[in-house]
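Okay, coords16.txt is below, compact mmCIF, C-alpha atoms:
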```txt
# COMPACT_ATOMS: atom_id res chain seq x y z
CA MET Q 2 -5.70 104.00 -35.42
CA GLU Q 3 -3.81 103.88 -38.68
CA THR Q 4 -3.25 100.85 -40.92
CA LEU Q 5 -0.09 100.49 -43.01
CA ASN Q 6 0.65 97.75 -45.53
CA TYR Q 7 3.98 96.69 -47.04
CA ARG Q 8 4.86 93.90 -49.42
CA PHE Q 9 8.31 92.76 -50.53
CA GLU Q 10 8.60 90.36 -53.49
CA ASN Q 11 11.15 87.62 -54.20
CA GLY Q 12 12.22 86.66 -50.69
CA THR Q 13 14.81 83.95 -50.23
CA ARG Q 14 14.25 82.66 -46.72
CA LYS Q 15 11.33 80.39 -45.80
CA LEU Q 16 9.73 79.89 -42.43
CA SER Q 17 8.71 76.72 -40.62
CA ALA Q 18 4.98 76.07 -40.80
CA LYS Q 19 4.04 77.21 -37.31
CA ALA Q 20 2.75 80.64 -36.40
CA GLU Q 21 4.26 82.57 -33.49
CA LEU Q 22 3.26 85.65 -31.54
CA VAL Q 23 5.84 87.76 -29.73
CA GLY Q 24 5.44 90.93 -27.72
CA VAL Q 25 2.42 92.45 -26.01
CA VAL Q 26 0.09 95.29 -27.00
CA SER Q 27 0.99 97.64 -24.16
CA SER Q 28 2.25 101.19 -23.97
CA GLY Q 29 5.45 101.57 -26.00
CA ASN Q 30 5.25 97.96 -27.08
CA LEU Q 31 3.72 95.90 -29.87
CA GLU Q 32 2.76 92.35 -30.77
CA VAL Q 33 4.08 90.68 -33.89
CA LEU Q 34 2.27 87.68 -35.36
CA ILE Q 35 4.37 85.82 -37.90
CA GLU Q 36 2.96 83.06 -40.11
CA SER Q 37 3.93 81.28 -43.27
CA ALA Q 38 1.50 81.93 -46.13
CA ASP Q 39 1.46 81.24 -49.83
CA LEU Q 40 2.33 84.69 -51.20
CA GLN Q 41 4.30 83.72 -54.34
CA GLY Q 42 7.59 84.27 -52.56
CA ALA Q 43 6.62 87.60 -51.04
CA CYS Q 44 6.59 88.89 -47.46
CA SER Q 45 3.58 91.00 -46.49
CA ILE Q 46 3.43 93.15 -43.41
CA GLU Q 47 0.30 94.77 -42.02
CA ILE Q 48 0.63 97.28 -39.21
CA LYS Q 49 -2.21 98.61 -37.09
CA THR Q 50 -0.84 101.40 -34.95
CA ALA Q 51 -2.34 103.69 -32.32
CA ALA Q 52 0.17 106.41 -33.28
CA ARG Q 53 -0.92 108.13 -36.48
CA GLY Q 54 1.38 109.92 -38.87
CA PHE Q 55 4.57 107.88 -38.55
CA GLY Q 56 4.35 106.18 -41.95
CA ALA Q 57 7.77 107.37 -43.11
CA ILE Q 58 9.49 105.94 -40.02
CA TRP Q 59 7.64 102.63 -40.34
CA GLU Q 60 8.72 102.45 -43.97
CA ALA Q 61 12.38 102.87 -42.98
CA VAL Q 62 12.19 100.34 -40.14
CA ILE Q 63 10.32 97.76 -42.22
CA GLY Q 64 12.68 98.33 -45.18
CA ASP Q 65 15.71 97.63 -42.97
CA PHE Q 66 13.98 94.55 -41.61
CA ASN Q 67 13.39 93.23 -45.10
CA LYS Q 68 17.04 93.77 -46.01
CA ARG Q 69 18.12 91.80 -42.93
CA TRP Q 70 15.90 88.75 -43.51
CA GLN Q 71 14.57 88.61 -47.11
CA LEU Q 72 11.62 86.49 -46.03
CA ALA Q 73 9.57 84.48 -48.50
CA ASP Q 74 5.93 83.38 -48.17
CA THR Q 75 5.57 85.14 -44.86
CA ARG Q 76 2.69 87.13 -43.42
CA ILE Q 77 3.48 89.47 -40.56
CA SER Q 78 0.70 91.23 -38.65
CA ILE Q 79 1.42 93.90 -36.07
CA ASN Q 80 -0.70 95.54 -33.38
CA ASP Q 81 1.27 98.53 -32.14
CA MET Q 82 0.81 100.85 -29.19
CA GLY Q 83 3.44 103.45 -29.89
CA ALA Q 84 6.61 101.33 -29.82
CA THR Q 85 9.84 103.15 -30.73
CA PRO Q 86 11.71 102.09 -33.92
CA ALA Q 87 14.35 100.17 -31.90
CA VAL Q 88 11.69 98.17 -30.07
CA VAL Q 89 9.92 97.44 -33.36
CA SER Q 90 13.16 96.14 -34.93
CA LEU Q 91 13.93 93.96 -31.91
CA ARG Q 92 10.44 92.48 -31.86
CA LEU Q 93 10.52 91.78 -35.59
CA ASP Q 94 13.86 89.97 -35.24
CA GLN Q 95 12.55 88.07 -32.21
CA ALA Q 96 9.51 87.00 -34.24
CA VAL Q 97 11.62 85.74 -37.14
CA GLU Q 98 14.07 83.94 -34.86
CA SER Q 99 11.15 82.08 -33.26
CA VAL Q 100 10.11 80.49 -36.58
CA VAL Q 101 12.89 80.71 -39.17
CA GLU Q 102 14.33 77.45 -40.52
CA GLU Q 103 18.07 77.11 -40.25
CA LYS Q 104 19.72 77.23 -43.64
CA MET Y 10 13.45 83.40 -20.54
CA THR Y 11 13.42 84.79 -17.05
CA SER Y 12 12.53 82.65 -14.03
CA SER Y 13 10.70 85.58 -12.40
CA TYR Y 14 6.94 85.05 -12.60
CA LEU Y 15 6.41 88.80 -12.22
CA GLU Y 16 8.57 89.67 -15.20
CA ALA Y 17 7.35 86.93 -17.53
CA ASN Y 18 4.47 87.63 -19.90
CA ALA Y 19 1.39 85.43 -20.13
CA ARG Y 20 2.79 83.16 -22.85
CA GLU Y 21 6.08 82.67 -21.03
CA ARG Y 22 4.27 81.91 -17.77
CA ILE Y 23 2.01 79.27 -19.25
CA ALA Y 24 4.91 77.64 -21.11
CA GLN Y 25 7.00 77.48 -17.94
CA MET Y 26 4.13 76.32 -15.75
CA LEU Y 27 3.34 73.24 -17.86
CA ASP Y 28 5.50 70.34 -19.02
CA ALA Y 29 7.85 71.50 -21.78
CA GLY Y 30 6.19 71.51 -25.17
CA SER Y 31 2.89 70.13 -23.84
CA PHE Y 32 0.78 73.27 -24.21
CA GLU Y 33 -1.77 73.28 -27.01
CA GLU Y 34 -3.48 76.64 -27.41
CA PHE Y 35 -7.19 77.02 -28.19
CA LEU Y 36 -8.07 79.98 -30.43
CA PRO Y 37 -4.42 80.92 -30.99
CA PRO Y 38 -3.48 84.44 -32.22
CA SER Y 39 -3.44 83.25 -35.83
CA LYS Y 40 -7.24 82.84 -35.59
CA ARG Y 41 -7.45 86.58 -34.90
CA ILE Y 42 -10.45 86.39 -32.55
CA VAL Y 43 -10.19 90.01 -31.44
CA SER Y 44 -12.48 92.28 -29.45
CA PRO Y 45 -15.43 93.52 -31.51
CA HIS Y 46 -15.72 96.59 -29.27
CA LEU Y 47 -12.23 98.09 -29.17
CA GLY Y 48 -12.09 98.69 -32.92
CA GLN Y 49 -15.28 100.75 -32.72
CA LEU Y 50 -13.57 102.94 -30.12
CA ASP Y 51 -10.52 103.27 -32.36
CA ALA Y 52 -8.43 101.48 -29.73
CA PRO Y 53 -5.75 98.84 -30.40
CA VAL Y 54 -6.75 95.17 -30.28
CA SER Y 55 -4.69 92.10 -29.49
CA PHE Y 56 -4.84 88.88 -31.52
CA ASP Y 57 -5.53 86.84 -28.38
CA ASP Y 58 -7.65 89.53 -26.65
CA GLY Y 59 -5.22 89.45 -23.74
CA VAL Y 60 -5.64 85.84 -22.63
CA VAL Y 61 -3.94 82.58 -23.58
CA VAL Y 62 -6.07 79.45 -23.08
CA GLY Y 63 -5.40 75.80 -23.79
CA ARG Y 64 -4.63 72.29 -22.71
CA GLY Y 65 -1.39 70.79 -21.49
CA ALA Y 66 0.28 68.52 -19.00
CA LEU Y 67 1.60 69.13 -15.51
CA ASN Y 68 3.89 66.29 -14.51
CA GLY Y 69 1.92 64.22 -16.98
CA ALA Y 70 -1.50 65.14 -15.58
CA LYS Y 71 -3.99 66.54 -18.09
CA VAL Y 72 -4.67 70.11 -17.07
CA PHE Y 73 -6.36 73.07 -18.70
CA ALA Y 74 -4.78 76.47 -18.21
CA ALA Y 75 -5.33 80.14 -18.92
CA ALA Y 76 -2.97 83.09 -18.51
CA GLN Y 77 -4.11 86.70 -18.61
CA GLU Y 78 -1.73 89.22 -20.16
CA GLY Y 79 -1.45 92.11 -17.71
CA GLY Y 80 0.31 94.24 -20.33
CA PHE Y 81 -2.76 94.40 -22.59
CA MET Y 82 -5.29 96.79 -21.06
CA GLY Y 83 -4.22 95.75 -17.58
CA GLY Y 84 -5.45 92.20 -18.18
CA ALA Y 85 -9.00 93.49 -18.21
CA VAL Y 86 -11.78 91.12 -19.19
CA GLY Y 87 -13.68 91.95 -22.36
CA GLU Y 88 -16.35 89.92 -24.12
CA VAL Y 89 -13.97 87.69 -26.10
CA HIS Y 90 -11.46 87.40 -23.25
CA GLY Y 91 -14.21 86.25 -20.88
CA ALA Y 92 -15.71 83.87 -23.44
CA LYS Y 93 -12.30 82.23 -23.87
CA LEU Y 94 -12.10 81.63 -20.11
CA VAL Y 95 -15.64 80.24 -20.00
CA GLY Y 96 -15.00 78.01 -23.02
CA LEU Y 97 -11.82 76.69 -21.42
CA LEU Y 98 -13.62 75.80 -18.19
CA LYS Y 99 -16.50 74.12 -20.05
CA ARG Y 100 -14.12 72.08 -22.17
CA ALA Y 101 -12.16 71.08 -19.07
CA VAL Y 102 -15.40 69.58 -17.73
CA GLN Y 103 -16.19 67.87 -21.07
CA GLU Y 104 -12.74 66.34 -21.32
CA GLN Y 105 -12.53 65.54 -17.59
CA ALA Y 106 -9.34 67.44 -16.93
CA GLU Y 107 -7.45 66.68 -13.75
CA GLY Y 108 -7.36 70.35 -12.91
CA VAL Y 109 -7.70 73.89 -14.23
CA ILE Y 110 -5.01 76.45 -13.56
CA LEU Y 111 -5.86 80.14 -13.95
CA LEU Y 112 -2.89 82.52 -14.07
CA LEU Y 113 -4.74 85.73 -13.29
CA GLU Y 114 -3.37 89.20 -13.74
CA THR Y 115 -6.18 91.68 -14.17
CA GLY Y 116 -7.83 94.89 -13.09
CA GLY Y 117 -11.21 93.22 -13.55
CA VAL Y 118 -13.81 94.06 -16.15
CA ARG Y 119 -12.76 95.96 -19.30
CA LEU Y 120 -14.89 99.06 -18.90
CA HIS Y 121 -14.65 99.86 -22.63
CA GLU Y 122 -16.87 96.87 -23.22
CA ALA Y 123 -19.40 97.84 -20.57
CA ASN Y 124 -22.18 95.29 -19.99
CA ALA Y 125 -20.60 92.70 -22.30
CA GLY Y 126 -17.53 92.69 -20.06
CA LEU Y 127 -19.55 92.58 -16.84
CA ILE Y 128 -21.64 89.67 -18.11
CA ALA Y 129 -18.44 87.92 -19.22
CA VAL Y 130 -17.01 88.11 -15.70
CA SER Y 131 -20.19 86.75 -14.14
CA GLU Y 132 -20.17 83.90 -16.65
CA VAL Y 133 -16.60 83.08 -15.65
CA MET Y 134 -17.70 82.85 -12.00
CA ARG Y 135 -20.48 80.44 -12.88
CA ALA Y 136 -18.14 78.38 -15.06
CA VAL Y 137 -15.58 78.13 -12.22
CA LEU Y 138 -18.25 76.84 -9.84
CA ASP Y 139 -19.60 74.42 -12.48
CA THR Y 140 -16.07 73.09 -13.01
CA ARG Y 141 -15.65 72.54 -9.28
CA ALA Y 142 -19.06 70.85 -9.14
CA ALA Y 143 -17.85 68.45 -11.83
CA GLY Y 144 -15.08 67.31 -9.50
CA ILE Y 145 -12.30 69.29 -11.14
CA PRO Y 146 -10.18 71.51 -8.89
CA VAL Y 147 -9.60 75.10 -10.06
CA ILE Y 148 -6.33 76.65 -8.88
CA VAL Y 149 -5.63 80.38 -9.23
CA LEU Y 150 -2.15 81.89 -9.33
CA VAL Y 151 -1.59 85.57 -8.57
CA GLY Y 152 1.89 86.96 -9.03
CA GLY Y 153 1.77 89.55 -11.80
CA SER Y 154 2.49 93.23 -11.29
CA ASN Y 155 -1.14 94.26 -11.84
CA GLY Y 156 -2.45 91.89 -9.18
CA CYS Y 157 -5.96 90.47 -9.39
CA PHE Y 158 -8.77 92.94 -8.81
CA GLY Y 159 -12.41 93.71 -9.43
CA GLY Y 160 -14.72 90.97 -10.63
CA MET Y 161 -11.74 88.72 -11.24
CA GLY Y 162 -10.82 89.05 -7.57
CA ILE Y 163 -14.19 87.44 -6.90
CA VAL Y 164 -13.50 84.79 -9.54
CA ALA Y 165 -10.24 84.01 -7.75
CA ARG Y 166 -12.08 83.50 -4.47
CA CYS Y 167 -14.55 81.18 -6.25
CA ALA Y 168 -11.68 78.81 -7.01
CA ASN Y 169 -10.57 75.91 -4.81
CA ALA Y 170 -7.23 77.47 -3.99
CA ILE Y 171 -5.17 80.59 -4.59
CA ILE Y 172 -1.39 80.63 -4.64
CA MET Y 173 0.33 84.00 -4.50
CA SER Y 174 3.75 85.53 -4.37
CA GLU Y 175 4.28 88.40 -1.97
CA GLU Y 176 4.46 90.66 -5.01
CA GLY Y 177 1.00 89.48 -6.04
CA ARG Y 178 -2.03 91.44 -4.90
CA LEU Y 179 -5.63 90.36 -4.50
CA ALA Y 180 -8.66 92.51 -3.70
CA MET Y 181 -11.97 93.78 -4.98
CA SER Y 182 -11.50 97.55 -5.39
CA GLY Y 183 -8.00 98.62 -6.33
CA PRO Y 184 -6.08 101.29 -4.40
CA GLU Y 185 -6.87 104.13 -6.83
CA VAL Y 186 -10.55 103.21 -6.84
CA ILE Y 187 -10.72 103.35 -3.03
CA GLU Y 188 -8.86 106.64 -2.94
CA THR Y 189 -11.10 108.16 -5.61
CA ALA Y 190 -14.29 107.01 -3.92
CA ASN Y 191 -13.39 107.58 -0.26
CA GLY Y 192 -10.56 110.08 -0.22
CA VAL Y 193 -6.83 109.95 0.39
CA GLU Y 194 -7.39 109.94 4.17
CA GLU Y 195 -9.10 106.59 3.76
CA PHE Y 196 -6.46 105.07 1.52
CA ASP Y 197 -3.33 106.62 -0.01
CA SER Y 198 -2.86 104.73 -3.28
CA ARG Y 199 0.64 106.17 -3.72
CA ASP Y 200 1.86 104.67 -0.45
CA ARG Y 201 3.28 101.50 -1.98
CA ALA Y 202 4.14 99.89 1.35
CA LEU Y 203 0.55 100.42 2.53
CA VAL Y 204 -0.84 99.08 -0.75
CA TRP Y 205 1.20 95.86 -0.50
CA ARG Y 206 0.53 95.49 3.24
CA THR Y 207 -3.18 95.68 2.50
CA THR Y 208 -3.58 93.75 -0.74
CA GLY Y 209 -0.30 91.82 -1.06
CA GLY Y 210 0.18 88.08 -0.82
CA LYS Y 211 1.44 87.98 2.76
CA HIS Y 212 -1.57 89.82 4.16
CA ARG Y 213 -3.89 87.60 2.12
CA TYR Y 214 -2.22 84.54 3.57
CA LEU Y 215 -2.44 85.85 7.13
CA LEU Y 216 -6.14 86.65 6.64
CA GLY Y 217 -6.89 83.20 5.24
CA ASP Y 218 -7.66 84.41 1.72
CA CYS Y 219 -4.99 82.35 -0.05
CA HIS Y 220 -3.49 78.88 0.41
CA GLY Y 221 0.16 79.56 0.05
CA ILE Y 222 2.91 82.08 -0.60
CA VAL Y 223 5.76 81.25 -2.93
CA ALA Y 224 8.83 83.13 -4.06
CA ASP Y 225 8.53 85.14 -7.29
CA ASP Y 226 9.71 82.22 -9.40
CA THR Y 227 7.86 80.22 -12.07
CA ALA Y 228 9.35 76.94 -10.79
CA ALA Y 229 8.13 77.72 -7.26
CA PHE Y 230 4.62 78.40 -8.58
CA ARG Y 231 4.74 75.17 -10.59
CA GLU Y 232 5.79 73.17 -7.54
CA ALA Y 233 3.02 74.72 -5.44
CA VAL Y 234 0.36 74.00 -8.10
CA THR Y 235 1.54 70.39 -8.33
CA GLN Y 236 1.25 69.92 -4.57
CA THR Y 237 -2.12 71.67 -4.40
CA LEU Y 238 -3.56 69.54 -7.21
CA GLN Y 239 -2.24 66.45 -5.46
CA GLY Y 240 -4.11 67.52 -2.33
CA PHE Y 241 -7.42 67.54 -4.21
CA LYS Y 242 -6.97 64.01 -5.57
CA ASN Y 243 -9.94 61.94 -4.36
CA ASN Y 244 -11.16 64.92 -2.32
CA PRO Y 245 -14.33 66.88 -3.02
CA THR Y 246 -13.91 70.05 -5.07
CA ALA Y 247 -17.52 71.28 -5.27
CA LEU Y 248 -18.64 74.28 -3.27
CA SER Y 249 -20.99 73.06 -0.54
CA LEU Y 250 -23.47 74.95 1.61
CA GLN Y 251 -21.45 73.87 4.63
CA ALA Y 252 -18.25 75.38 3.23
CA LEU Y 253 -20.10 78.58 2.31
CA GLU Y 254 -21.49 78.91 5.84
CA ALA Y 255 -18.06 78.26 7.35
CA GLU Y 256 -16.61 80.96 5.10
CA GLN Y 257 -19.35 83.38 6.13
CA ALA Y 258 -18.64 82.64 9.81
CA MET Y 259 -14.91 83.20 9.23
CA LEU Y 260 -15.63 86.57 7.59
CA GLU Y 261 -17.93 87.62 10.44
CA GLN Y 262 -15.26 86.74 12.98
CA ARG Y 263 -12.69 88.60 10.97
CA ILE Y 264 -14.69 91.82 10.90
CA ALA Y 265 -15.45 91.45 14.62
CA ARG Y 266 -11.75 90.96 15.45
CA PHE Y 267 -10.23 93.53 13.13
CA GLY Y 268 -13.03 95.84 12.01
CA ASP Y 269 -11.74 98.77 14.07
CA VAL Y 270 -8.15 98.49 12.83
CA ALA Y 271 -6.72 101.03 10.35
CA ASP Y 272 -3.52 99.27 9.25
CA PRO Y 273 -2.66 95.62 8.53
CA LEU Y 274 0.32 95.90 10.89
CA GLU Y 275 -2.13 96.10 13.78
CA ILE Y 276 -4.00 93.06 12.48
CA TRP Y 277 -0.78 91.07 12.34
CA GLN Y 278 -0.05 92.14 15.91
CA ARG Y 279 -3.49 91.01 17.07
CA LEU Y 280 -2.91 87.70 15.31
CA GLY Y 281 -0.06 87.24 17.76
CA ILE Y 282 2.91 88.02 15.57
CA ASP Y 283 5.69 89.42 17.75
CA LYS Y 284 7.36 91.74 15.28
CA PRO Y 285 4.83 92.58 12.58
CA GLN Y 286 7.18 95.17 11.09
CA ASP Y 287 9.56 92.33 10.12
CA ILE Y 288 6.98 90.50 8.01
CA ALA Y 289 7.68 92.52 4.88
CA MET Y 290 11.33 91.44 4.71
CA LEU Y 291 10.82 87.68 5.17
CA GLU Y 292 11.40 85.21 2.33
CA ALA Y 293 8.40 83.08 1.33
CA ALA Y 294 9.33 79.90 3.25
CA ALA Y 295 10.36 81.71 6.44
CA PHE Y 296 7.19 83.79 6.25
CA MET Y 297 4.96 80.74 5.81
CA SER Y 298 6.38 78.96 8.83
CA LEU Y 299 6.14 82.10 10.98
CA ALA Y 300 2.58 82.83 9.82
CA GLU Y 301 1.12 79.32 9.95
CA PRO Y 302 0.30 79.13 13.68
CA HIS Y 303 -1.19 82.64 13.72
CA ARG Y 304 -3.08 83.00 10.46
CA VAL Y 305 -6.85 83.04 10.09
CA LYS Y 306 -7.94 79.64 8.82
CA GLY Y 307 -10.79 79.87 6.40
CA GLN Y 308 -11.61 77.72 3.44
CA ALA Y 309 -8.05 78.53 2.41
```
Now that the file is in, can you turn its structure into structure tokens?
Amino acid sequence: METLNYRFENGTRKLSAKAELVGVVSSGNLEVLIESADLQGACSIEIKTAARGFGAIWEAVIGDFNKRWQLADTRISINDMGATPAVVSLRLDQAVESVVEEK
Amino acid sequence: MTSSYLEANARERIAQMLDAGSFEEFLPPSKRIVSPHLGQLDAPVSFDDGVVVGRGALNGAKVFAAAQEGGFMGGAVGEVHGAKLVGLLKRAVQEQAEGVILLLETGGVRLHEANAGLIAVSEVMRAVLDTRAAGIPVIVLVGGSNGCFGGMGIVARCANAIIMSEEGRLAMSGPEVIETANGVEEFDSRDRALVWRTTGGKHRYLLGDCHGIVADDTAAFREAVTQTLQGFKNNPTALSLQALEAEQAMLEQRIARFGDVADPLEIWQRLGIDKPQDIAMLEAAAFMSLAEPHRVKGQA
């Protein structure tokens, strides 16, 4: 297993208070737990993945995700079992759409 | 969300089975009660350890429900997973639920967790029987792609009723286990038609192992659970010695009638079904009405 951590400061979009889990920890899939948390406007993402050595790809996928949503005070926790970048992006969007407050 | 029970995941199933918005989860993923064993093996964990448990309403009735996630380690029961099921059943007794619904999809015990998993499964069995003894019916649903096998197959048969889809499978040893232990001549696990004929919902219904067959549809499962729960209103739910002896007699008759048969098709023929080869293609309702006069009648 490998653990990766990312943090993006100064987000603009807040979540509703509830926590949601989307996806399943199965082959080629992942679960994404999204919660609001007091992080001084930041969004933190922790990834635990069964596939070691893909840090650069995670960084790109997570960076794109942050550009799309600019989340504030959000904690995202991921258990991954070798999902492809496209699946990761879809799951992340699904997670946000399950909790984000309409502007 | 899809209406197929087979294609839905555990969270979708439980949400669609209960009244909209009524489900309140115990130990939700945000609590992060994960397996203490998988991490030591450097294996991925899941925030709910592969099972969703909680309280909700079914047509207004207070029910407790659990759904196993077949996608996570085949729905296998580890220490935490099993403890969540046991806790749910105990709380159902404490709070005098009107019923407990177990949406099982599992290969049985999670072998990574060895004795802790085995003990967990046995504790679930005891908790199911305790719940029944407290006057609360326990209904099992089997319709996921992994079926319901191993120790959890026994748990299912400890319940008051089992409702399956024809896609659902129920047995003790799974096809690969039988093939590995007894050889491909005994059972070819890659013969999908044989596997479903032997462990699938229709055969289970014909042999008296389950109460009903429904289409692969969450609304159909919901309707069947509602009716089954209704049937237990003001009726005893506890396992009695009399029921156990009747079940034993049914099993003895079954082995005497069909013990020499190699394929379920022959069993269906002996049950008096004219064209057993047509069974596989029948829709749930047509199948039920065809099967009813011929099926073995056990506790189910």
Quiz item: Please, which residues of chain Y lie no more than 7 Å from chain Q when the count uses all atoms listed in the file, and can they be set out as number ranges by chain?
Solution: Y: 38-39, 51-55, 80-81
Quiz item: Could you name the residues that touch segment 73-79 of chain Y at 9 Å or less, counting only C-alpha atoms, but leaving out those on the same chain fewer than 5 positions away, as a PyMOL selection string?
Solution: (chain Q and resi 25+27) or (chain Y and resi 18-20+22-23+27+32+58-66+84-86+90+93-94+97-98+100-101+106-116+153-156)
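Around segment 67-71 of chain Q, within 10 Å and counting all atoms listed in the file, the residues found are Q:Arg8, Q:Phe9, Q:Glu10, Q:Asn11, Q:Gly12, Q:Thr13, Q:Arg14, Q:Lys15, Q:Gly42, Q:Ala43, Q:Cys44, Q:Ala61, Q:Val62, Q:Ile63, Q:Thr75, Q:Asp94, Q:Val97, Q:Val101, once anything fewer than 4 positions away on its own chain is removed.
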Quiz item: Which of these residues is nearest to Glu60 of chain Q, using all atoms listed in the file: Q:Ser90, Q:Glu98, Q:Leu40, Q:Ala73?
Solution: Q:Ser90
Exercise. Calculate how many Å separate atom CA of Leu36 of chain Y from atom CA of Glu88 of chain Y, rounding to one decimal.
Key: 14.4 Å
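Closest approach to Ile46 of chain Q from the set Q:Leu72, Q:Tyr7, Q:Ser17, Q:Phe66 is made by Q:Tyr7, with distances taken over all atoms listed in the file.
We find atom CA of Val186 of chain Y and atom CA of Asp272 of chain Y to be spaced 18.0 Å apart.
Distances to Ser37 of chain Q were evaluated for Q:Ala57, Q:Leu5, Q:Ile77, Q:Leu93 using all atoms listed in the file, and the minimum falls at Q:Ile77.
Atom pair atom CA of Phe56 of chain Y / atom CA of Ser44 of chain Y: separated by 8.6 Å.
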Self-check item: Closest of Q:Asp65, Q:Ile58, Q:Ala18, Q:Ile48 to Pro86 of chain Q - atom-to-atom distances counting all atoms listed in the file
Solution: Q:Ile58
Quiz item: Could you pull the residues within 8 Å of Arg119 of chain Y, counting only C-alpha atoms, minus those fewer than 4 positions along the same chain, as a PyMOL selection string?
Solution: chain Y and resi 82+85-87+123+126-127
Restricting it to C-alpha atoms, dump the selection as a PDB file, keeping the file's coordinate frame.
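Contents of the output file part_14.pdb:
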```pdb
ATOM      1  CA  MET Y  82      -5.290  96.790 -21.060  1.00  0.00           C
ATOM      2  CA  ALA Y  85      -9.000  93.490 -18.210  1.00  0.00           C
ATOM      3  CA  VAL Y  86     -11.780  91.120 -19.190  1.00  0.00           C
ATOM      4  CA  GLY Y  87     -13.680  91.950 -22.360  1.00  0.00           C
ATOM      5  CA  ALA Y 123     -19.400  97.840 -20.570  1.00  0.00           C
ATOM      6  CA  GLY Y 126     -17.530  92.690 -20.060  1.00  0.00           C
ATOM      7  CA  LEU Y 127     -19.550  92.580 -16.840  1.00  0.00           C
TER       8      LEU Y 127
END
```
Padding of 3 Å on every side, edges along x, y and z, all listed atoms of segment 55-64 of chain Q included: what centre and edge lengths in Å, to one decimal, does that box have, as lines of an AutoDock Vina configuration file?
```
center_x = 8.5
center_y = 102.8
center_z = -41.9
size_x = 14.3
size_y = 16.1
size_z = 12.6
```
